[in-house]
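Reproduced below: structure_16.txt, with compact mmCIF, C-alpha atoms and all ligand atoms.
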```txt
# COMPACT_ATOMS: atom_id res chain seq x y z
CA MET S 1 -28.37 35.20 147.44
CA SER S 2 -30.44 33.07 145.14
CA TYR S 3 -33.96 33.31 146.52
CA ASP S 4 -37.34 33.43 144.87
CA SER S 5 -40.99 33.45 145.88
CA GLN S 6 -42.82 30.44 144.51
CA ILE S 7 -45.87 28.31 145.20
CA PHE S 8 -45.20 25.18 147.25
CA LYS S 9 -47.64 22.33 147.82
CA LEU S 10 -48.20 21.46 151.48
CA THR S 11 -47.89 17.66 151.49
CA GLU S 12 -47.81 16.96 155.25
CA ASN S 13 -48.90 18.81 158.37
CA LYS S 14 -48.73 16.93 161.67
CA GLU S 15 -48.64 17.99 165.31
CA ILE S 16 -45.46 16.44 166.76
CA ALA S 17 -45.77 17.94 170.26
CA LYS S 18 -48.38 20.15 171.87
CA GLY S 19 -48.64 23.27 169.68
CA ILE S 20 -45.67 22.26 167.50
CA PHE S 21 -46.34 21.41 163.85
CA ASP S 22 -44.23 19.65 161.26
CA TRP S 23 -44.78 20.71 157.64
CA THR S 24 -43.43 19.18 154.47
CA VAL S 25 -43.78 21.43 151.43
CA LYS S 26 -42.93 20.53 147.84
CA ASN S 27 -41.56 22.61 145.00
CA ASP S 28 -39.44 21.46 142.07
CA GLU S 29 -36.91 24.30 142.14
CA LEU S 30 -36.19 26.11 145.42
CA PRO S 31 -35.49 23.32 147.97
CA ALA S 32 -32.33 22.26 146.09
CA ARG S 33 -30.85 25.73 146.78
CA ALA S 34 -31.26 25.48 150.57
CA LYS S 35 -28.22 25.55 152.86
CA CYS S 36 -28.26 24.62 156.52
CA GLY S 37 -29.17 27.44 158.90
CA GLN S 38 -31.15 29.34 156.25
CA PHE S 39 -34.84 30.17 156.60
CA VAL S 40 -37.95 30.80 154.52
CA ASN S 41 -40.61 33.53 154.68
CA ILE S 42 -44.14 32.19 154.42
CA LYS S 43 -47.16 34.06 153.02
CA VAL S 44 -49.96 33.18 155.40
CA PRO S 45 -53.44 33.44 153.89
CA GLY S 46 -55.13 36.67 155.03
CA ARG S 47 -51.93 38.20 156.50
CA VAL S 48 -49.77 40.89 154.87
CA LEU S 49 -46.44 40.19 156.59
CA ARG S 50 -44.81 36.85 155.97
CA ARG S 51 -43.66 34.55 158.79
CA PRO S 52 -39.98 33.50 158.96
CA ILE S 53 -39.39 29.81 159.73
CA SER S 54 -36.03 27.96 159.67
CA ILE S 55 -35.34 25.14 157.27
CA CYS S 56 -35.44 21.99 159.41
CA ASP S 57 -34.52 19.66 156.57
CA ALA S 58 -34.44 19.63 152.78
CA THR S 59 -34.31 17.34 149.80
CA ASP S 60 -34.02 18.49 146.18
CA THR S 61 -37.80 18.94 146.02
CA THR S 62 -39.04 19.29 149.61
CA LEU S 63 -38.54 21.45 152.66
CA ARG S 64 -39.40 20.43 156.18
CA LEU S 65 -40.49 23.30 158.44
CA VAL S 66 -41.21 22.81 162.15
CA PHE S 67 -42.98 25.64 163.95
CA GLN S 68 -44.66 26.45 167.22
CA VAL S 69 -48.00 28.22 167.31
CA LYS S 70 -47.30 31.66 168.81
CA GLY S 71 -49.88 34.06 167.37
CA GLU S 72 -52.42 34.46 164.59
CA GLY S 73 -50.13 33.62 161.65
CA THR S 74 -48.74 30.36 162.99
CA LYS S 75 -52.25 29.38 164.16
CA VAL S 76 -53.55 29.72 160.59
CA MET S 77 -50.53 27.71 159.37
CA SER S 78 -51.25 24.94 161.88
CA GLN S 79 -54.76 24.55 160.45
CA MET S 80 -53.74 24.30 156.79
CA LYS S 81 -54.40 20.98 155.08
CA PRO S 82 -52.21 18.79 152.85
CA GLY S 83 -52.94 19.65 149.22
CA GLU S 84 -53.16 23.40 149.86
CA ASP S 85 -50.83 25.80 148.04
CA VAL S 86 -48.58 28.11 150.04
CA GLU S 87 -46.41 30.94 148.73
CA ILE S 88 -42.89 30.80 150.16
CA LEU S 89 -39.87 33.05 149.70
CA ALA S 90 -36.76 30.86 149.95
CA PRO S 91 -33.99 30.22 150.74
CA LEU S 92 -33.07 33.26 152.85
CA GLY S 93 -30.19 34.44 155.02
CA THR S 94 -26.67 33.24 155.62
CA GLY S 95 -26.55 29.81 157.20
CA PHE S 96 -23.98 27.98 159.31
CA ASP S 97 -20.43 27.88 157.98
CA ILE S 98 -19.66 24.15 158.03
CA LYS S 99 -16.11 23.14 157.23
CA PRO S 100 -15.19 19.62 156.11
CA GLY S 101 -13.07 17.50 158.42
CA LYS S 102 -14.22 19.16 161.66
CA ARG S 103 -16.41 17.64 164.35
CA TYR S 104 -19.39 19.85 165.17
CA CYS S 105 -21.50 20.07 168.29
CA PHE S 106 -25.01 21.43 167.63
CA VAL S 107 -26.72 22.98 170.63
CA GLY S 108 -30.43 23.78 170.46
CA GLY S 109 -33.03 25.11 172.85
CA GLY S 110 -36.78 24.58 172.37
CA ILE S 111 -38.04 25.67 168.98
CA GLY S 112 -34.41 26.56 168.11
CA VAL S 113 -33.72 22.84 167.67
CA PRO S 114 -35.28 22.26 164.17
CA PRO S 115 -32.67 24.05 161.99
CA LEU S 116 -29.95 21.93 163.60
CA LEU S 117 -31.26 18.74 161.96
CA PHE S 118 -30.39 19.76 158.37
CA SER S 119 -27.12 21.19 159.73
CA ALA S 120 -26.15 18.02 161.63
CA LYS S 121 -26.83 15.99 158.49
CA GLN S 122 -24.12 17.97 156.65
CA THR S 123 -21.40 16.79 159.04
CA ASP S 124 -19.64 13.57 160.08
CA ASN S 125 -20.25 12.16 163.55
CA PRO S 126 -22.14 15.20 164.91
CA MET S 127 -22.79 15.71 168.60
CA VAL S 128 -26.21 17.20 169.31
CA ILE S 129 -27.25 18.68 172.65
CA MET S 130 -30.86 19.76 172.87
CA GLY S 131 -32.74 21.30 175.75
CA PHE S 132 -36.45 21.68 176.46
CA ARG S 133 -38.55 22.96 179.34
CA ASN S 134 -40.15 19.53 179.90
CA LYS S 135 -40.82 16.12 178.30
CA ASP S 136 -43.95 17.28 176.45
CA LEU S 137 -41.89 19.67 174.33
CA VAL S 138 -39.18 17.21 173.27
CA ILE S 139 -39.05 17.01 169.45
CA LEU S 140 -36.96 15.42 166.67
CA LYS S 141 -35.16 12.95 168.95
CA ASP S 142 -35.61 10.04 166.51
CA ASP S 143 -34.63 12.22 163.55
CA PHE S 144 -31.29 13.14 165.12
CA LYS S 145 -30.66 9.50 166.06
CA ALA S 146 -31.44 8.42 162.48
CA ALA S 147 -28.94 11.05 161.31
CA GLY S 148 -26.27 9.25 163.36
CA ALA S 149 -25.86 11.95 166.00
CA GLU S 150 -24.38 11.40 169.44
CA LEU S 151 -27.45 12.84 171.11
CA TYR S 152 -27.97 14.37 174.57
CA THR S 153 -31.36 15.65 175.63
CA ALA S 154 -31.78 17.82 178.71
CA THR S 155 -34.95 19.14 180.33
CA ASP S 156 -35.20 22.01 182.81
CA ASP S 157 -37.42 19.95 185.14
CA GLY S 158 -35.72 16.56 184.64
CA SER S 159 -38.89 14.98 183.21
CA PHE S 160 -36.90 13.61 180.23
CA GLY S 161 -33.19 12.87 179.76
CA ILE S 162 -30.60 14.84 181.70
CA HIS S 163 -31.90 17.16 184.44
CA GLY S 164 -30.25 20.49 183.68
CA PHE S 165 -29.26 22.93 180.96
CA VAL S 166 -27.59 22.39 177.60
CA THR S 167 -24.60 24.38 178.85
CA ASP S 168 -23.98 21.81 181.62
CA VAL S 169 -23.78 19.05 178.99
CA LEU S 170 -21.69 21.24 176.65
CA SER S 171 -19.13 21.98 179.38
CA GLU S 172 -18.91 18.30 180.27
CA HIS S 173 -18.07 17.32 176.66
CA MET S 174 -15.75 20.24 175.84
CA GLY S 175 -12.70 18.85 174.02
CA GLU S 176 -14.71 16.25 172.07
CA PHE S 177 -15.57 18.56 169.13
CA ASP S 178 -13.95 21.34 167.08
CA GLU S 179 -16.78 23.87 166.64
CA VAL S 180 -20.22 24.67 168.05
CA CYS S 181 -23.37 25.83 166.25
CA ALA S 182 -26.25 27.01 168.43
CA CYS S 183 -29.86 28.09 167.96
CA GLY S 184 -32.39 28.96 170.65
CA PRO S 185 -33.41 31.73 173.04
CA VAL S 186 -30.94 34.61 173.48
CA PRO S 187 -30.09 33.81 177.16
CA MET S 188 -29.17 30.28 176.06
CA LEU S 189 -27.05 31.59 173.15
CA LYS S 190 -25.29 33.97 175.51
CA ALA S 191 -24.51 31.13 177.94
CA VAL S 192 -23.33 28.81 175.14
CA ALA S 193 -21.08 31.59 173.76
CA GLU S 194 -19.62 32.09 177.24
CA VAL S 195 -18.82 28.37 177.64
CA CYS S 196 -17.13 28.32 174.19
CA ARG S 197 -15.19 31.60 174.51
CA GLY S 198 -11.45 31.06 174.12
CA LYS S 199 -11.93 27.31 173.57
CA VAL S 200 -13.82 26.58 170.35
CA ARG S 201 -15.40 28.62 167.55
CA CYS S 202 -19.11 29.14 168.14
CA GLN S 203 -21.73 30.28 165.64
CA VAL S 204 -25.16 31.38 166.86
CA SER S 205 -28.42 31.73 164.94
CA LEU S 206 -30.46 34.78 165.99
CA GLU S 207 -34.18 35.36 165.87
CA GLU S 208 -35.44 38.92 165.29
CA ARG S 209 -38.83 40.27 164.34
CA MET S 210 -38.85 40.44 160.57
CA GLY S 211 -40.80 42.05 157.76
CA CYS S 212 -39.48 41.51 154.24
CA GLY S 213 -36.82 38.87 155.02
CA ILE S 214 -34.56 40.17 152.22
CA GLY S 215 -32.88 43.30 153.57
CA ALA S 216 -35.34 45.90 152.30
CA CYS S 217 -37.31 47.08 155.36
CA LEU S 218 -34.67 47.25 158.17
CA VAL S 219 -37.14 45.81 160.74
CA CYS S 220 -34.60 43.17 161.74
CA SER S 221 -31.58 45.49 162.22
CA CYS S 222 -29.50 44.76 165.29
CA LYS S 223 -26.21 45.95 166.75
CA THR S 224 -23.27 43.68 165.94
CA LYS S 225 -19.49 43.88 166.10
CA ILE S 226 -17.94 42.76 162.83
CA ASP S 227 -14.12 42.81 162.41
CA GLY S 228 -13.84 44.82 165.63
CA GLU S 229 -16.26 47.57 164.55
CA GLU S 230 -19.85 48.13 165.62
CA HIS S 231 -22.40 47.99 162.81
CA MET S 232 -26.17 47.72 162.60
CA THR S 233 -26.71 44.62 160.47
CA GLN S 234 -29.84 43.01 159.12
CA VAL S 235 -30.43 39.62 160.69
CA CYS S 236 -32.36 38.47 157.60
CA ARG S 237 -29.41 39.07 155.28
CA ARG S 238 -26.10 39.17 157.20
CA GLY S 239 -27.56 36.57 159.61
CA PRO S 240 -29.41 34.81 161.03
CA VAL S 241 -26.10 33.06 161.75
CA TYR S 242 -23.28 35.11 163.32
CA ASP S 243 -20.02 34.26 165.00
CA ALA S 244 -20.79 34.26 168.72
CA GLY S 245 -18.39 37.19 169.34
CA GLU S 246 -20.21 39.42 166.83
CA VAL S 247 -23.44 39.59 168.85
CA PHE S 248 -24.52 41.94 171.67
CA TYR S 249 -26.69 39.58 173.71
CA ASP S 250 -28.05 42.21 176.10
CA ALA S 251 -28.85 44.89 173.48
C1 LIG P 1 -34.81 33.60 161.09
C2 LIG P 1 -35.97 33.11 161.92
C3 LIG P 1 -36.24 31.75 161.96
C4 LIG P 1 -37.32 31.27 162.72
N1 LIG P 1 -37.52 29.93 162.73
C5 LIG P 1 -38.56 29.45 163.42
C6 LIG P 1 -38.81 28.04 163.42
O1 LIG P 1 -38.12 27.24 162.79
N2 LIG P 1 -39.87 27.60 164.12
C7 LIG P 1 -40.68 28.47 164.85
O2 LIG P 1 -41.63 28.02 165.50
N3 LIG P 1 -40.46 29.79 164.86
C8 LIG P 1 -39.43 30.31 164.16
N4 LIG P 1 -39.21 31.66 164.16
C9 LIG P 1 -40.14 32.52 164.91
C10 LIG P 1 -41.42 32.73 164.06
O3 LIG P 1 -41.10 33.50 162.93
C11 LIG P 1 -42.49 33.46 164.88
O4 LIG P 1 -42.90 32.66 165.96
C12 LIG P 1 -43.71 33.75 164.00
O5 LIG P 1 -43.38 34.70 163.00
C13 LIG P 1 -44.85 34.27 164.84
O6 LIG P 1 -45.90 34.61 163.96
P1 LIG P 1 -47.42 34.71 164.47
O7 LIG P 1 -48.20 35.34 163.41
O8 LIG P 1 -47.88 33.40 164.98
O9 LIG P 1 -47.28 35.64 165.75
P2 LIG P 1 -47.65 37.18 165.91
O10 LIG P 1 -47.05 37.62 167.20
O11 LIG P 1 -49.10 37.37 165.68
O12 LIG P 1 -46.86 37.87 164.72
C14 LIG P 1 -47.01 39.20 164.40
C15 LIG P 1 -45.85 39.64 163.52
O13 LIG P 1 -44.61 39.60 164.24
C16 LIG P 1 -43.68 38.73 163.62
N5 LIG P 1 -43.04 37.94 164.67
C17 LIG P 1 -43.58 37.57 165.83
N6 LIG P 1 -42.70 36.86 166.57
C18 LIG P 1 -41.58 36.78 165.82
C19 LIG P 1 -40.31 36.17 166.00
N7 LIG P 1 -39.99 35.51 167.12
N8 LIG P 1 -39.39 36.27 165.02
C20 LIG P 1 -39.69 36.94 163.90
N9 LIG P 1 -40.87 37.55 163.64
C21 LIG P 1 -41.80 37.46 164.59
C22 LIG P 1 -44.51 37.84 162.70
O14 LIG P 1 -43.75 37.38 161.60
C23 LIG P 1 -45.62 38.77 162.29
O15 LIG P 1 -45.19 39.59 161.23
C24 LIG P 1 -38.14 32.17 163.43
C25 LIG P 1 -37.88 33.54 163.38
C26 LIG P 1 -36.81 33.99 162.64
C27 LIG P 1 -36.51 35.45 162.59
S1 LIG P 2 -36.70 41.74 157.59
FE1 LIG P 2 -36.67 43.46 156.26
S2 LIG P 2 -34.59 44.04 156.35
FE2 LIG P 2 -34.62 42.21 157.48
```
How does the structure come out when it is put into structure tokens?
Amino acid sequence: MSYDSQIFKLTENKEIAKGIFDWTVKNDELPARAKCGQFVNIKVPGRVLRRPISICDATDTTLRLVFQVKGEGTKVMSQMKPGEDVEILAPLGTGFDIKPGKRYCFVGGGIGVPPLLFSAKQTDNPMVIMGFRNKDLVILKDDFKAAGAELYTATDDGSFGIHGFVTDVLSEHMGEFDEVCACGPVPMLKAVAEVCRGKVRCQVSLEERMGCGIGACLVCSCKTKIDGEEHMTQVCRRGPVYDAGEVFYDA
């Protein structure tokens, strides 16, 4: 793992949906090391523990980070202004395993959608299925279209796009892609894994409470089954991406 903690310049901070903020941060060295599905750990002014946020997109000198305000840390982040410095540990974790020549379907739920943008951009002709509770929470639609994705958007209440769940859309299109990569709430990941089981390889990105982000504190340990054997693994280092069959969804 080639991570480091460096100062980034916040160059953009805009609210793209209610309570959801879109940061661009600039640094001359670390963004070029980012791989899709990895995350960063952000030092929030006045807080000891850093906040883990997925890499939504990257260029050689910028990272795009999209986050929802949940508690104190993300609230402070939402109020930061372009021009401010922010200390970021990056890039962290093991991202999606993307193989050339395969067609991928990326399935995202809610604030699990952002890391799929950088991932979809690494592949040819991606299919993207994203689900939200309602129309007010729909994000990154134009970004996925600009990336050339065959895009399906579902909402739980039918207020935008398809009325239903991402798994309905996934089942309908089974056979049109070789592998699935998913990120979102655990019940969604469990349902996606179930639809894919025995048909296509599925990788899932997990979210766990984290401390250090680099395998030192064990806060993020969770039970997994790797090569047929049960192990406690650290989501920040062995994950956040796992093969769907390695995860205990009800643990
Ligand atoms: C690998 C990974 C990637 C993530 N990517 C994103 C993303 O792209 N966009 C986004 O909006 N959110 C993402 N999250 C969730 C995000 O980290 C939490 O919402 C955020 O840390 C909450 O911080 P807070 O101070 O606002 O909340 P508080 O509840 O006040 O946080 C208190 C402490 O708990 C930790 N914590 C709370 N909730 C979580 C959580 N769900 N996961 C990990 N630590 C948590 C905080 O880091 C902090 O140390 C990700 C989490 C992980 C583990
Ligand atoms: S967050 Fe410290 S070991 Fe994973």
Using only C-alpha atoms and all ligand atoms, find each residue in chain S having at least one atom no more than 8 Å away from ligand LIG 2 (chain P); report its shortest atom-to-atom pair and that distance in Å (one decimal), rows by chain then rising number, as CSV.
```
residue,atom,partner,partner_atom,distance
S:Arg209,CA,P:LIG2,S1,7.2
S:Met210,CA,P:LIG2,S1,3.9
S:Gly211,CA,P:LIG2,S1,4.1
S:Cys212,CA,P:LIG2,FE1,4.0
S:Gly213,CA,P:LIG2,S1,3.9
S:Ile214,CA,P:LIG2,FE1,5.6
S:Gly215,CA,P:LIG2,S2,3.3
S:Ala216,CA,P:LIG2,S2,4.5
S:Cys217,CA,P:LIG2,FE1,3.8
S:Leu218,CA,P:LIG2,S2,3.7
S:Val219,CA,P:LIG2,FE1,5.1
S:Cys220,CA,P:LIG2,FE2,4.4
S:Ser221,CA,P:LIG2,FE2,6.5
S:Gln234,CA,P:LIG2,FE2,5.1
S:Val235,CA,P:LIG2,FE2,5.9
S:Cys236,CA,P:LIG2,FE2,4.4
S:Arg237,CA,P:LIG2,FE2,6.5
```
Compute the set of protein, DNA and RNA residues whose minimum atom distance to ligand LIG 1 (chain P) is at most 9 Å, using only C-alpha atoms and all ligand atoms, and state it as a PyMOL selection string. chain S and resi 20-21+37-42+44+47-56+65-77+92-93+111-115+205-211+213+220+235-236+239-241
Find the residues near Ser5 of chain S: any atom within 7 Å, counting all atoms listed in the file, skip ones fewer than 4 places away on the same chain, and give them as an MDAnalysis selection string. chainID S and resid 87:90
Go through S:Asp136, S:Glu12, S:Asp97, S:Asp168 one by one, measure the shortest atom-to-atom distance of each to Glu84 of chain S using only C-alpha atoms, and give the residue with the smallest value.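 Once distances to Glu84 of chain S are computed over only C-alpha atoms, the minimum belongs to S:Glu12.
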Find the residues around Ala244 of chain S up to 9 Å (all atoms listed in the file counted), leave out those fewer than 6 positions away in its own chain, and share them as a list of chain:residue names.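 In the requested form, the answer reads S:Leu189, S:Lys190, S:Val192, S:Ala193, S:Glu194, S:Cys196, S:Arg197, S:Arg201, S:Cys202, S:Gln203, S:Val204, S:Ser205.
Residues near the point (-45.6, 16.5, 165.9), at a distance of 10 Å or less over only C-alpha atoms, make up Asn13, Lys14, Glu15, Ile16, Ala17, Lys18, Gly19, Ile20, Phe21, Asp22, Trp23, Val66, Phe67, Leu137, Val138, Ile139 and Leu140 of chain S.
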